[in-house]
file my_file_5.cif (mmCIF, C-alpha atoms and all ligand atoms)
data_run
#
loop_
_atom_site.label_atom_id
_atom_site.label_comp_id
_atom_site.auth_asym_id
_atom_site.auth_seq_id
_atom_site.Cartn_x
_atom_site.Cartn_y
_atom_site.Cartn_z
CA MET A 27 -1.70 -4.54 -24.68
CA ILE A 28 1.11 -6.83 -23.49
CA ALA A 29 0.58 -10.59 -23.09
CA ILE A 30 0.46 -11.72 -19.48
CA ALA A 31 1.63 -15.23 -18.56
CA GLU A 32 1.65 -17.00 -15.20
CA PRO A 33 4.88 -16.68 -13.05
CA PRO A 34 7.57 -18.20 -11.93
CA ILE A 35 9.97 -15.58 -10.60
CA HIS A 36 13.33 -14.87 -12.30
CA ARG A 37 15.68 -13.00 -10.07
CA THR A 38 19.09 -11.38 -10.36
CA GLY A 39 21.02 -9.68 -7.59
CA SER A 40 22.22 -10.64 -4.13
CA ALA A 41 20.63 -13.39 -2.04
CA SER A 42 20.47 -11.09 0.99
CA GLY A 43 18.30 -8.74 -1.09
CA GLU A 44 17.73 -5.04 -0.74
CA ARG A 45 17.54 -3.08 2.49
CA VAL A 46 15.97 0.36 2.79
CA ARG A 47 16.23 2.30 6.03
CA VAL A 48 13.43 4.60 7.14
CA GLU A 49 15.16 7.26 9.24
CA LEU A 50 12.77 8.54 11.92
CA GLY A 51 15.00 8.92 14.96
CA GLU A 52 14.00 6.44 17.66
CA ARG A 53 11.22 5.14 15.39
CA SER A 54 13.66 4.24 12.57
CA TYR A 55 13.40 0.81 10.93
CA GLU A 56 14.48 -1.27 7.97
CA ILE A 57 12.55 -2.57 5.02
CA VAL A 58 14.03 -5.88 3.85
CA VAL A 59 13.20 -7.03 0.31
CA ALA A 60 14.51 -10.54 -0.40
CA GLY A 61 13.25 -13.70 -2.06
CA GLY A 62 12.84 -16.36 0.65
CA ALA A 63 12.79 -13.72 3.41
CA LEU A 64 9.82 -15.51 4.97
CA ASP A 65 12.12 -18.34 6.07
CA ARG A 66 14.48 -15.88 7.76
CA ALA A 67 11.68 -13.96 9.47
CA GLY A 68 12.53 -15.19 12.98
CA VAL A 69 16.16 -14.07 12.79
CA GLU A 70 15.27 -10.76 11.12
CA ILE A 71 12.51 -9.96 13.61
CA ALA A 72 14.64 -10.92 16.61
CA ALA A 73 17.43 -8.65 15.31
CA ALA A 74 15.03 -5.77 14.70
CA LEU A 75 13.67 -6.06 18.26
CA ALA A 76 17.08 -6.57 19.87
CA GLY A 77 17.72 -4.10 22.65
CA LYS A 78 14.24 -4.58 24.06
CA ALA A 79 14.13 -7.74 26.19
CA GLY A 80 13.67 -10.88 24.12
CA PRO A 81 13.16 -12.81 21.97
CA ASP A 82 13.28 -15.74 24.45
CA GLY A 83 9.81 -16.27 25.85
CA ARG A 84 8.48 -13.38 23.84
CA THR A 85 5.16 -13.87 22.03
CA ALA A 86 4.68 -13.18 18.35
CA ALA A 87 0.96 -12.68 17.67
CA ILE A 88 0.47 -13.35 13.96
CA LEU A 89 -2.62 -11.74 12.40
CA VAL A 90 -3.47 -13.45 9.13
CA ASN A 91 -6.48 -14.51 7.09
CA PRO A 92 -7.03 -18.26 6.56
CA ALA A 93 -6.14 -18.27 2.82
CA VAL A 94 -2.81 -16.52 3.34
CA HIS A 95 -2.15 -18.66 6.42
CA ARG A 96 -2.61 -21.85 4.36
CA ARG A 97 0.09 -20.68 1.93
CA TYR A 98 2.62 -18.94 4.14
CA GLY A 99 1.61 -19.26 7.80
CA MET A 100 3.60 -22.41 8.63
CA ARG A 101 6.85 -21.03 7.21
CA LEU A 102 6.53 -17.85 9.23
CA GLU A 103 5.58 -19.75 12.40
CA SER A 104 8.47 -22.25 12.04
CA SER A 105 10.98 -19.48 11.52
CA LEU A 106 9.71 -17.52 14.54
CA THR A 107 9.63 -20.65 16.73
CA ALA A 108 13.23 -21.47 15.75
CA ALA A 109 14.22 -17.96 16.82
CA GLY A 110 12.70 -18.47 20.30
CA PHE A 111 9.30 -16.80 19.98
CA ASN A 112 6.06 -18.24 21.37
CA ILE A 113 3.45 -18.20 18.63
CA LEU A 114 -0.13 -17.00 18.92
CA THR A 115 -1.86 -17.11 15.53
CA ILE A 116 -5.06 -15.06 15.33
CA PRO A 117 -7.24 -15.65 12.25
CA VAL A 118 -8.77 -12.51 10.75
CA THR A 119 -11.47 -12.64 8.08
CA ALA A 120 -10.31 -11.30 4.70
CA GLY A 121 -11.71 -8.26 2.95
CA GLU A 122 -12.27 -4.53 3.19
CA THR A 123 -15.69 -5.07 4.80
CA HIS A 124 -13.93 -6.61 7.81
CA LYS A 125 -11.60 -3.62 8.29
CA THR A 126 -13.70 -2.55 11.26
CA LEU A 127 -13.63 -1.86 15.00
CA ARG A 128 -15.52 -5.15 15.45
CA THR A 129 -12.56 -7.03 13.99
CA VAL A 130 -10.17 -5.02 16.16
CA SER A 131 -12.29 -5.83 19.22
CA ARG A 132 -12.24 -9.58 18.43
CA ILE A 133 -8.45 -9.44 18.18
CA PHE A 134 -8.28 -7.59 21.52
CA ASP A 135 -10.38 -10.44 23.00
CA ARG A 136 -7.85 -13.01 21.80
CA LEU A 137 -4.88 -11.02 23.11
CA TYR A 138 -6.67 -10.60 26.45
CA GLU A 139 -7.63 -14.31 26.72
CA HIS A 140 -3.99 -15.21 26.18
CA ALA A 141 -2.89 -12.56 28.68
CA VAL A 142 -0.17 -11.35 26.35
CA ASP A 143 2.33 -8.96 27.88
CA ARG A 144 3.86 -5.74 26.60
CA ARG A 145 6.81 -7.60 25.08
CA THR A 146 4.43 -9.16 22.55
CA VAL A 147 5.10 -8.29 18.91
CA ILE A 148 2.17 -8.07 16.52
CA VAL A 149 3.05 -9.57 13.13
CA ALA A 150 0.83 -8.68 10.17
CA LEU A 151 0.99 -11.36 7.45
CA GLY A 152 -1.08 -10.44 4.39
CA GLY A 153 -2.32 -7.52 2.31
CA GLY A 154 -3.09 -3.93 3.21
CA VAL A 155 -6.31 -4.77 5.07
CA ILE A 156 -4.51 -7.04 7.55
CA GLY A 157 -1.62 -4.57 7.77
CA ASP A 158 -3.88 -1.62 8.61
CA VAL A 159 -5.93 -3.58 11.17
CA ALA A 160 -2.87 -5.17 12.79
CA GLY A 161 -1.18 -1.78 12.90
CA TYR A 162 -4.12 -0.26 14.74
CA VAL A 163 -4.24 -3.17 17.19
CA ALA A 164 -0.51 -2.72 17.83
CA ALA A 165 -0.93 1.05 18.23
CA SER A 166 -3.64 0.72 20.85
CA TYR A 167 -3.39 -2.56 22.83
CA GLN A 168 -1.70 -1.81 26.17
CA ARG A 169 -0.93 1.67 24.75
CA GLY A 170 1.29 0.27 22.05
CA LEU A 171 2.97 -3.01 21.12
CA ASP A 172 5.79 -3.62 18.66
CA LEU A 173 4.62 -4.20 15.10
CA VAL A 174 6.22 -6.07 12.21
CA GLN A 175 4.73 -5.94 8.73
CA VAL A 176 5.10 -8.98 6.47
CA PRO A 177 3.16 -7.80 3.40
CA THR A 178 2.15 -10.36 0.76
CA THR A 179 0.34 -8.24 -1.86
CA LEU A 180 2.25 -5.92 -4.18
CA LEU A 181 0.16 -3.00 -2.94
CA ALA A 182 1.06 -3.73 0.66
CA GLN A 183 4.73 -4.30 -0.23
CA VAL A 184 5.17 -0.96 -2.01
CA ASP A 185 2.75 1.19 -0.05
CA SER A 186 0.62 0.27 2.95
CA SER A 187 3.24 -1.57 5.03
CA VAL A 188 5.56 1.46 5.00
CA GLY A 189 5.01 4.78 6.75
CA GLY A 190 3.02 3.94 9.87
CA LYS A 191 -0.55 4.81 8.82
CA THR A 192 -2.85 2.29 10.52
CA GLY A 193 -6.59 2.17 10.99
CA VAL A 194 -10.05 0.90 10.17
CA ASN A 195 -13.14 2.11 8.33
CA PHE A 196 -16.04 3.59 10.28
CA GLY A 197 -19.57 4.01 8.95
CA ALA A 198 -19.18 4.91 5.30
CA ALA A 199 -15.81 6.59 5.86
CA LYS A 200 -12.55 4.88 4.95
CA ASN A 201 -9.74 4.85 7.50
CA LEU A 202 -11.61 7.28 9.77
CA ILE A 203 -10.35 5.69 12.99
CA GLY A 204 -6.61 5.19 13.16
CA ALA A 205 -3.21 6.09 14.46
CA PHE A 206 0.32 6.66 13.29
CA HIS A 207 2.33 3.67 14.50
CA GLN A 208 5.57 2.83 12.73
CA PRO A 209 6.57 -0.83 12.41
CA ARG A 210 9.87 -2.07 13.83
CA LEU A 211 10.55 -3.95 10.60
CA VAL A 212 8.96 -4.47 7.18
CA LEU A 213 9.87 -7.90 5.80
CA ILE A 214 9.06 -8.31 2.11
CA ASP A 215 9.36 -11.66 0.36
CA PRO A 216 8.54 -10.99 -3.31
CA ASP A 217 8.17 -14.75 -3.91
CA THR A 218 4.80 -14.50 -2.15
CA LEU A 219 3.54 -12.57 -5.20
CA ARG A 220 3.57 -15.85 -7.17
CA SER A 221 0.25 -16.84 -5.66
CA LEU A 222 -1.28 -13.38 -6.05
CA PRO A 223 -3.78 -13.09 -8.93
CA LEU A 224 -2.78 -10.85 -11.83
CA ARG A 225 -5.50 -8.33 -11.04
CA GLU A 226 -4.04 -7.82 -7.55
CA ARG A 227 -0.49 -7.59 -8.93
CA ARG A 228 -1.63 -5.00 -11.43
CA SER A 229 -3.40 -3.04 -8.69
CA GLY A 230 -0.11 -2.73 -6.79
CA MET A 231 1.71 -1.78 -9.98
CA ALA A 232 -0.39 1.41 -10.19
CA GLU A 233 1.38 2.60 -7.03
CA VAL A 234 4.80 1.67 -8.47
CA ILE A 235 4.01 3.75 -11.56
CA LYS A 236 2.80 6.56 -9.27
CA TYR A 237 6.20 6.70 -7.52
CA GLY A 238 7.89 7.18 -10.90
CA VAL A 239 5.54 10.00 -11.86
CA ILE A 240 5.83 11.91 -8.58
CA SER A 241 9.52 11.51 -7.94
CA ASP A 242 11.82 9.70 -10.35
CA ALA A 243 11.74 9.94 -14.17
CA ALA A 244 14.52 7.36 -14.66
CA PHE A 245 12.63 4.85 -12.50
CA TYR A 246 9.45 5.61 -14.47
CA ASP A 247 11.32 4.89 -17.73
CA ARG A 248 12.70 1.58 -16.43
CA VAL A 249 9.26 0.50 -15.17
CA SER A 250 7.79 1.44 -18.57
CA LEU A 251 10.40 -0.68 -20.35
CA GLU A 252 9.83 -3.71 -18.13
CA ILE A 253 6.14 -3.38 -17.35
CA GLY A 254 5.14 -6.71 -18.96
CA ASP A 255 7.88 -8.69 -17.22
CA LEU A 256 7.22 -6.92 -13.92
CA LEU A 257 3.56 -7.93 -14.04
CA ASN A 258 4.52 -11.47 -15.10
CA LEU A 259 7.07 -11.62 -12.26
CA THR A 260 9.71 -12.52 -14.87
CA SER A 261 11.73 -9.31 -14.53
CA GLY A 262 15.09 -9.40 -12.72
CA PHE A 263 14.25 -5.81 -11.77
CA LEU A 264 11.23 -6.79 -9.64
CA ASP A 265 12.91 -6.75 -6.21
CA GLN A 266 14.64 -3.46 -7.02
CA ALA A 267 11.37 -1.96 -8.24
CA ILE A 268 9.73 -2.91 -4.92
CA ALA A 269 12.68 -1.64 -2.89
CA HIS A 270 12.91 1.61 -4.86
CA SER A 271 9.19 2.25 -4.45
CA CYS A 272 9.65 1.79 -0.69
CA ARG A 273 12.70 4.08 -0.80
CA ILE A 274 10.70 6.87 -2.45
CA LYS A 275 7.91 6.48 0.10
CA ALA A 276 10.46 6.35 2.94
CA ARG A 277 12.06 9.65 1.88
CA VAL A 278 8.65 11.35 1.80
CA VAL A 279 7.63 9.90 5.19
CA GLU A 280 10.95 10.98 6.72
CA ALA A 281 10.24 14.55 5.57
CA ASP A 282 6.60 14.59 6.72
CA GLU A 283 5.75 11.65 8.97
CA ARG A 284 2.45 13.12 10.20
CA ASP A 285 1.08 14.04 6.77
CA LEU A 286 1.08 17.80 7.29
CA GLY A 287 2.39 18.83 3.87
CA LEU A 288 4.72 16.98 1.49
CA ARG A 289 3.30 13.50 2.23
CA ALA A 290 0.23 14.53 0.24
CA ILE A 291 2.20 13.92 -2.98
CA LEU A 292 1.78 10.19 -2.28
CA ASN A 293 -1.87 10.83 -3.05
CA PHE A 294 -1.26 11.61 -6.73
CA GLY A 295 -4.28 10.12 -8.51
CA HIS A 296 -6.11 9.54 -5.25
CA THR A 297 -8.46 12.57 -5.38
CA VAL A 298 -10.62 11.19 -8.19
CA GLY A 299 -9.45 7.62 -7.45
CA HIS A 300 -10.94 7.64 -3.94
CA ALA A 301 -14.15 9.23 -5.27
CA LEU A 302 -14.48 6.45 -7.87
CA GLU A 303 -14.04 3.80 -5.18
CA ALA A 304 -16.58 5.48 -2.89
CA VAL A 305 -19.18 6.15 -5.58
CA THR A 306 -19.09 2.46 -6.59
CA GLY A 307 -19.31 1.24 -2.99
CA TYR A 308 -15.75 -0.21 -3.09
CA ARG A 309 -17.14 -3.08 -5.17
CA VAL A 310 -16.11 -2.26 -8.74
CA TYR A 311 -12.46 -1.23 -8.71
CA ARG A 312 -9.42 -2.64 -6.98
CA HIS A 313 -7.63 0.28 -5.29
CA GLY A 314 -4.92 0.50 -7.97
CA GLU A 315 -7.45 0.41 -10.80
CA ALA A 316 -9.21 3.46 -9.34
CA ILE A 317 -5.84 5.18 -8.80
CA ALA A 318 -4.83 4.52 -12.42
CA LEU A 319 -8.01 6.28 -13.58
CA GLY A 320 -7.43 9.01 -10.99
CA MET A 321 -3.87 9.62 -12.20
CA VAL A 322 -5.21 10.24 -15.70
CA SER A 323 -7.85 12.60 -14.23
CA ALA A 324 -5.10 14.47 -12.35
CA CYS A 325 -3.10 14.87 -15.56
CA LEU A 326 -6.15 16.25 -17.40
CA VAL A 327 -6.97 18.62 -14.52
CA GLY A 328 -3.30 19.70 -14.64
CA GLU A 329 -3.59 20.31 -18.38
CA GLU A 330 -6.75 22.41 -17.85
CA MET A 331 -4.86 24.48 -15.26
CA GLY A 332 -1.80 24.92 -17.48
CA ILE A 333 0.45 22.92 -15.14
CA THR A 334 0.73 19.48 -16.77
CA GLY A 335 2.01 19.07 -20.32
CA LYS A 336 0.09 16.93 -22.84
CA ASN A 337 3.24 14.82 -23.22
CA VAL A 338 2.95 13.80 -19.54
CA THR A 339 -0.65 12.67 -19.97
CA GLY A 340 0.21 10.89 -23.22
CA SER A 341 3.12 8.99 -21.71
CA LEU A 342 1.16 7.94 -18.61
CA VAL A 343 -1.89 6.85 -20.61
CA ASP A 344 0.35 4.72 -22.86
CA LEU A 345 2.06 3.07 -19.88
CA LEU A 346 -1.19 2.40 -18.02
CA ARG A 347 -2.73 0.91 -21.17
CA LYS A 348 0.34 -1.30 -21.67
CA ALA A 349 -0.15 -2.54 -18.11
CA GLY A 350 -3.75 -3.40 -18.91
CA PHE A 351 -5.49 -0.63 -16.94
CA ALA A 352 -8.67 1.09 -18.11
CA VAL A 353 -7.88 4.79 -18.62
CA SER A 354 -11.20 6.14 -19.98
CA LEU A 355 -13.93 7.09 -17.58
CA ASP A 356 -16.82 4.64 -17.83
CA PRO A 357 -19.68 6.35 -19.75
CA GLY A 358 -22.06 5.05 -17.03
CA MET A 359 -20.17 7.03 -14.39
CA ASP A 360 -21.96 10.27 -13.48
CA PRO A 361 -19.40 13.13 -13.30
CA ASN A 362 -21.76 15.03 -10.94
CA ALA A 363 -21.57 12.22 -8.39
CA ILE A 364 -17.77 12.40 -8.50
CA ILE A 365 -17.73 16.21 -8.24
CA CYS A 366 -20.16 16.10 -5.27
CA LEU A 367 -17.89 13.66 -3.43
CA LEU A 368 -14.81 15.77 -4.17
CA ALA A 369 -16.50 18.82 -2.61
CA LEU A 370 -17.29 16.80 0.54
CA ASP A 371 -13.74 15.44 0.82
CA LYS A 372 -12.09 16.55 4.05
CA LYS A 373 -9.17 17.98 2.06
CA ALA A 374 -11.40 20.22 -0.12
CA ILE A 375 -11.40 23.96 0.63
CA GLY A 376 -14.58 25.99 0.08
CA GLY A 377 -15.95 23.21 -2.13
CA ALA A 378 -12.89 23.25 -4.44
CA ALA A 379 -11.15 19.89 -4.72
CA ARG A 380 -7.48 19.61 -3.88
CA PHE A 381 -5.22 17.87 -6.40
CA VAL A 382 -1.63 16.71 -6.56
CA LEU A 383 -0.41 17.72 -10.01
CA ALA A 384 2.59 16.65 -12.07
CA PRO A 385 4.26 19.39 -14.15
CA LYS A 386 6.50 16.69 -15.62
CA ILE A 387 7.29 13.01 -15.12
CA GLY A 388 9.37 12.76 -11.94
CA GLU A 389 7.91 15.78 -10.16
CA ALA A 390 4.65 16.50 -8.34
CA THR A 391 3.30 19.29 -6.19
CA PRO A 392 0.38 19.04 -3.74
CA GLY A 393 -2.39 21.46 -2.81
CA HIS A 394 -3.75 22.64 -6.18
CA LEU A 395 -7.37 23.77 -5.84
CA ALA A 396 -9.46 22.93 -8.89
CA THR A 397 -12.89 24.43 -9.55
CA ASP A 398 -15.90 22.30 -10.50
CA ALA A 399 -15.68 23.65 -14.05
CA VAL A 400 -12.07 22.48 -14.41
CA VAL A 401 -12.84 19.03 -12.99
CA ARG A 402 -15.98 18.70 -15.14
CA SER A 403 -14.04 19.53 -18.28
CA ALA A 404 -11.24 17.10 -17.38
CA LEU A 405 -13.70 14.27 -16.68
CA ALA A 406 -15.56 14.95 -19.93
CA ARG A 407 -12.28 14.63 -21.82
CA GLN A 408 -11.42 11.44 -19.93
CA ARG A 409 -14.59 9.79 -21.22
CA LEU A 410 -13.26 10.19 -24.76
CA ILE A 411 -9.65 9.23 -24.18
P1 LIG B 1 -6.21 -6.88 0.66
O1 LIG B 1 -5.47 -6.77 1.92
O2 LIG B 1 -7.69 -6.96 0.71
O3 LIG B 1 -5.64 -8.14 -0.13
C1 LIG B 1 -6.24 -8.53 -1.36
C2 LIG B 1 -6.53 -10.02 -1.40
O4 LIG B 1 -5.30 -10.72 -1.64
C3 LIG B 1 -7.08 -10.60 -0.12
O5 LIG B 1 -8.14 -11.45 -0.44
C4 LIG B 1 -5.93 -11.39 0.46
O6 LIG B 1 -6.36 -12.49 1.22
C5 LIG B 1 -5.23 -11.86 -0.76
N1 LIG B 1 -3.80 -12.14 -0.63
C6 LIG B 1 -2.90 -11.48 0.11
N2 LIG B 1 -1.66 -11.94 -0.14
C7 LIG B 1 -1.80 -12.94 -1.04
C8 LIG B 1 -0.89 -13.78 -1.71
N3 LIG B 1 0.43 -13.65 -1.58
N4 LIG B 1 -1.36 -14.72 -2.57
C9 LIG B 1 -2.70 -14.82 -2.80
N5 LIG B 1 -3.61 -14.02 -2.21
C10 LIG B 1 -3.15 -13.09 -1.36
O7 LIG B 1 -5.89 -5.67 -0.35
P2 LIG B 1 -4.59 -4.79 -0.60
O8 LIG B 1 -4.75 -4.25 -1.96
O9 LIG B 1 -3.34 -5.50 -0.24
O10 LIG B 1 -4.75 -3.61 0.48
C11 LIG B 1 -5.81 -2.69 0.41
C12 LIG B 1 -5.92 -1.98 1.73
O11 LIG B 1 -4.71 -1.25 1.96
C13 LIG B 1 -7.04 -0.97 1.81
O12 LIG B 1 -7.78 -1.19 2.98
C14 LIG B 1 -6.34 0.38 1.87
O13 LIG B 1 -7.06 1.33 2.62
C15 LIG B 1 -5.05 0.02 2.53
N6 LIG B 1 -3.96 0.95 2.27
C16 LIG B 1 -3.31 1.46 3.35
C17 LIG B 1 -2.24 2.32 3.16
C18 LIG B 1 -1.48 2.84 4.33
O14 LIG B 1 -0.60 3.71 4.17
N7 LIG B 1 -1.71 2.33 5.52
C19 LIG B 1 -1.84 2.69 1.86
C20 LIG B 1 -2.53 2.14 0.77
C21 LIG B 1 -3.59 1.27 0.99
N1 LIG B 2 -0.66 5.96 1.23
C1 LIG B 2 -0.45 7.35 1.49
C2 LIG B 2 0.39 7.58 2.70
O1 LIG B 2 0.94 6.67 3.28
O2 LIG B 2 0.50 8.71 3.10
#
call {"tool": "encode", "arguments": {"input": "my_file_5.cif", "output": "structure tokens"}}
result
Amino acid sequence: MIAIAEPPIHRTGSASGERVRVELGERSYEIVVAGGALDRAGVEIAAALAGKAGPDGRTAAILVNPAVHRRYGMRLESSLTAAGFNILTIPVTAGETHKTLRTVSRIFDRLYEHAVDRRTVIVALGGGVIGDVAGYVAASYQRGLDLVQVPTTLLAQVDSSVGGKTGVNFGAAKNLIGAFHQPRLVLIDPDTLRSLPLRERRSGMAEVIKYGVISDAAFYDRVSLEIGDLLNLTSGFLDQAIAHSCRIKARVVEADERDLGLRAILNFGHTVGHALEAVTGYRVYRHGEAIALGMVSACLVGEEMGITGKNVTGSLVDLLRKAGFAVSLDPGMDPNAIICLLALDKKAIGGAARFVLAPKIGEATPGHLATDAVVRSALARQRLI
């Protein structure tokens, strides 16, 4: 396993950073990836909203948890104030357990108390939990407010802030209540990753690796080469890796915004990954850790079905290990519990689980139905890997 040190960031490339456009007709927007972008947020957000009255006198409602606010809130607020926005900061408690309608309702109360108007822009500052909650608030308050995502975890920067899926958990079900609501801008400042613990950085890196597997072998190779430096934030390739991950997601979302077909390939590793998260009550694995295990499961299921080559599994297992992920299934994990959950999954058909499979690195296809016997055999092999 590679040695992991604490930051700082080393960066090459232009100061204005990388820009990725998500082309969705009138819902198109830009993803800006640039060190120090937080200090330019006001100008960037005003430009993204130009055309709709403002920004003078317009309110920016910033949704943020207290810990992230302490680190980055003032810089965002100052930049927005300088650009002519009124600021309304709404604290939101951190954590998946607060990704609920109750939290949404409390935020509605604050927006109502402040009598915000329809020109208000909701700004999500934080990880995927804040982004999903803020997105749902923006999608529903007054039938839709503008939304800007300012993601500060690697997972949110490469995945959840892009593509317009918003929502909250309900009962035991994840993301059951939600809406598609595209942001007007995604503003990514990779310098914010400096304060993010390694475990969280690694969790996001699972999604970066996923993009390589499903869509771009050359990107996968570059990430493999630089994995240690990427996790340490010492790679000059970091901003490009974030931007390219967003680019891959953007191209998929452009082709299938409403998740009716192709978008499912973004769920490579998520079939077993989601089951592992659910079976452990969302308390054992960070999302990316479960997805890393699930990507290995998907490779082994693909091998059992004659679709994935052993070389693909071997390469992915090596890379995930180098990044410090567990790849073997915990011996304490009951395969029957996982198989039961897969059969109940809303994407299963006739009790057969649906998998995204990778015939080779750089290519994935959705919709493969795997029988219990195939999954059982794959999971048994994963215990011994
Ligand atoms: P998270 O939002 O819980 O953030 C993890 C922790 O990091 C939190 O405690 C947060 O306060 C802290 N944090 C955030 N930025 C920080 C920083 N720069 N420095 C230090 N600490 C920081 O978790 P996450 O992994 O970002 O997001 C997970 C959520 O994303 C899940 O709810 C998942 O369902 C959702 N998600 C949504 C999509 C989508 O398309 N909408 C895609 C993937 C995941
Ligand atoms: N995270 C999967 C998607 O956006 O579709």
call {"tool": "atom_distance", "arguments": {"input": "my_file_5.cif", "atom1": "atom CA of A:Thr218", "atom2": "atom CA of A:Leu342"}}
result
28.1 Å
call {"tool": "atom_distance", "arguments": {"input": "my_file_5.cif", "atom1": "atom CA of A:Leu75", "atom2": "atom C10 of ligand LIG 1 (chain B)"}}
result
26.8 Å
call {"tool": "atom_distance", "arguments": {"input": "my_file_5.cif", "atom1": "atom CA of A:Asp242", "atom2": "atom CA of A:Val327"}}
result
21.2 Å
call {"tool": "residues_near_ligand", "arguments": {"input": "my_file_5.cif", "ligand": "ligand LIG 2 (chain B)", "cutoff": "12 Å", "atoms": "all atoms listed in the file", "output": "short mmCIF file (atom, residue, chain, number, x, y, z; two decimals) with C-alpha atoms, in the frame of the given file"}}
result
data_model
loop_
_atom_site.label_atom_id
_atom_site.label_comp_id
_atom_site.auth_asym_id
_atom_site.auth_seq_id
_atom_site.Cartn_x
_atom_site.Cartn_y
_atom_site.Cartn_z
CA GLY A 154 -3.09 -3.93 3.21
CA ASP A 158 -3.88 -1.62 8.61
CA LEU A 181 0.16 -3.00 -2.94
CA ALA A 182 1.06 -3.73 0.66
CA GLN A 183 4.73 -4.30 -0.23
CA VAL A 184 5.17 -0.96 -2.01
CA ASP A 185 2.75 1.19 -0.05
CA SER A 186 0.62 0.27 2.95
CA SER A 187 3.24 -1.57 5.03
CA VAL A 188 5.56 1.46 5.00
CA GLY A 189 5.01 4.78 6.75
CA GLY A 190 3.02 3.94 9.87
CA LYS A 191 -0.55 4.81 8.82
CA THR A 192 -2.85 2.29 10.52
CA GLY A 193 -6.59 2.17 10.99
CA ASN A 201 -9.74 4.85 7.50
CA ALA A 205 -3.21 6.09 14.46
CA PHE A 206 0.32 6.66 13.29
CA HIS A 207 2.33 3.67 14.50
CA GLN A 208 5.57 2.83 12.73
CA GLY A 230 -0.11 -2.73 -6.79
CA GLU A 233 1.38 2.60 -7.03
CA VAL A 234 4.80 1.67 -8.47
CA LYS A 236 2.80 6.56 -9.27
CA TYR A 237 6.20 6.70 -7.52
CA SER A 271 9.19 2.25 -4.45
CA CYS A 272 9.65 1.79 -0.69
CA ILE A 274 10.70 6.87 -2.45
CA LYS A 275 7.91 6.48 0.10
CA ALA A 276 10.46 6.35 2.94
CA ARG A 277 12.06 9.65 1.88
CA VAL A 278 8.65 11.35 1.80
CA VAL A 279 7.63 9.90 5.19
CA GLU A 280 10.95 10.98 6.72
CA ALA A 281 10.24 14.55 5.57
CA ASP A 282 6.60 14.59 6.72
CA GLU A 283 5.75 11.65 8.97
CA ARG A 284 2.45 13.12 10.20
CA ASP A 285 1.08 14.04 6.77
CA LEU A 286 1.08 17.80 7.29
CA GLY A 287 2.39 18.83 3.87
CA LEU A 288 4.72 16.98 1.49
CA ARG A 289 3.30 13.50 2.23
CA ALA A 290 0.23 14.53 0.24
CA ILE A 291 2.20 13.92 -2.98
CA LEU A 292 1.78 10.19 -2.28
CA ASN A 293 -1.87 10.83 -3.05
CA PHE A 294 -1.26 11.61 -6.73
CA GLY A 295 -4.28 10.12 -8.51
CA HIS A 296 -6.11 9.54 -5.25
CA THR A 297 -8.46 12.57 -5.38
CA HIS A 300 -10.94 7.64 -3.94
CA HIS A 313 -7.63 0.28 -5.29
CA GLY A 314 -4.92 0.50 -7.97
CA ILE A 317 -5.84 5.18 -8.80
#
call {"tool": "residues_around", "arguments": {"input": "my_file_5.cif", "residues": "A:Val212", "least_positions_apart": "5", "cutoff": "7 Å", "atoms": "only C-alpha atoms", "output": "ChimeraX atom specification"}}
result
/A:56-58,174-176,187
call {"tool": "residues_around", "arguments": {"input": "my_file_5.cif", "residues": "A:Leu151", "least_positions_apart": "3", "cutoff": "10 Å", "atoms": "all atoms listed in the file", "output": "PyMOL selection string"}}
result
chain A and resi 88-91+94-95+98-99+102+148+154+156-157+160+174-179+213
call {"tool": "write_last_selection", "arguments": {"input": "my_file_5.cif", "atoms": "C-alpha atoms", "output": "CSV table (one decimal), keeping the file's coordinate frame"}}
result
chain,number,residue,atom,x,y,z
A,88,ILE,CA,0.5,-13.4,14.0
A,89,LEU,CA,-2.6,-11.7,12.4
A,90,VAL,CA,-3.5,-13.4,9.1
A,91,ASN,CA,-6.5,-14.5,7.1
A,94,VAL,CA,-2.8,-16.5,3.3
A,95,HIS,CA,-2.2,-18.7,6.4
A,98,TYR,CA,2.6,-18.9,4.1
A,99,GLY,CA,1.6,-19.3,7.8
A,102,LEU,CA,6.5,-17.8,9.2
A,148,ILE,CA,2.2,-8.1,16.5
A,154,GLY,CA,-3.1,-3.9,3.2
A,156,ILE,CA,-4.5,-7.0,7.6
A,157,GLY,CA,-1.6,-4.6,7.8
A,160,ALA,CA,-2.9,-5.2,12.8
A,174,VAL,CA,6.2,-6.1,12.2
A,175,GLN,CA,4.7,-5.9,8.7
A,176,VAL,CA,5.1,-9.0,6.5
A,177,PRO,CA,3.2,-7.8,3.4
A,178,THR,CA,2.2,-10.4,0.8
A,179,THR,CA,0.3,-8.2,-1.9
A,213,LEU,CA,9.9,-7.9,5.8
call {"tool": "axis_aligned_box", "arguments": {"input": "my_file_5.cif", "around": "ligand LIG 1 (chain B)", "padding_each_side": "6 Å", "output": "AutoDock Vina command-line options"}}
result
--center_x -3.9 --center_y -5.6 --center_z 1.4 --size_x 20.6 --size_y 30.5 --size_z 20.3
call {"tool": "residues_near_point", "arguments": {"input": "my_file_5.cif", "point": "(-2.7, 11.0, -24.9)", "cutoff": "12 Å", "atoms": "all atoms listed in the file", "output": "PyMOL selection string"}}
result
chain A and resi 322-323+325-326+329+335-347+353-354+407-408+410-411
call {"tool": "residues_around", "arguments": {"input": "my_file_5.cif", "residues": "A:Lys348", "least_positions_apart": "2", "cutoff": "12 Å", "atoms": "only C-alpha atoms", "output": "list of chain:residue names"}}
result
A:Met27, A:Ile28, A:Ala29, A:Ile30, A:Arg228, A:Met231, A:Ala232, A:Ile235, A:Val249, A:Ser250, A:Leu251, A:Glu252, A:Ile253, A:Gly254, A:Asp255, A:Leu256, A:Leu257, A:Ser341, A:Leu342, A:Val343, A:Asp344, A:Leu345, A:Leu346, A:Gly350, A:Phe351, A:Ala352, A:Val353
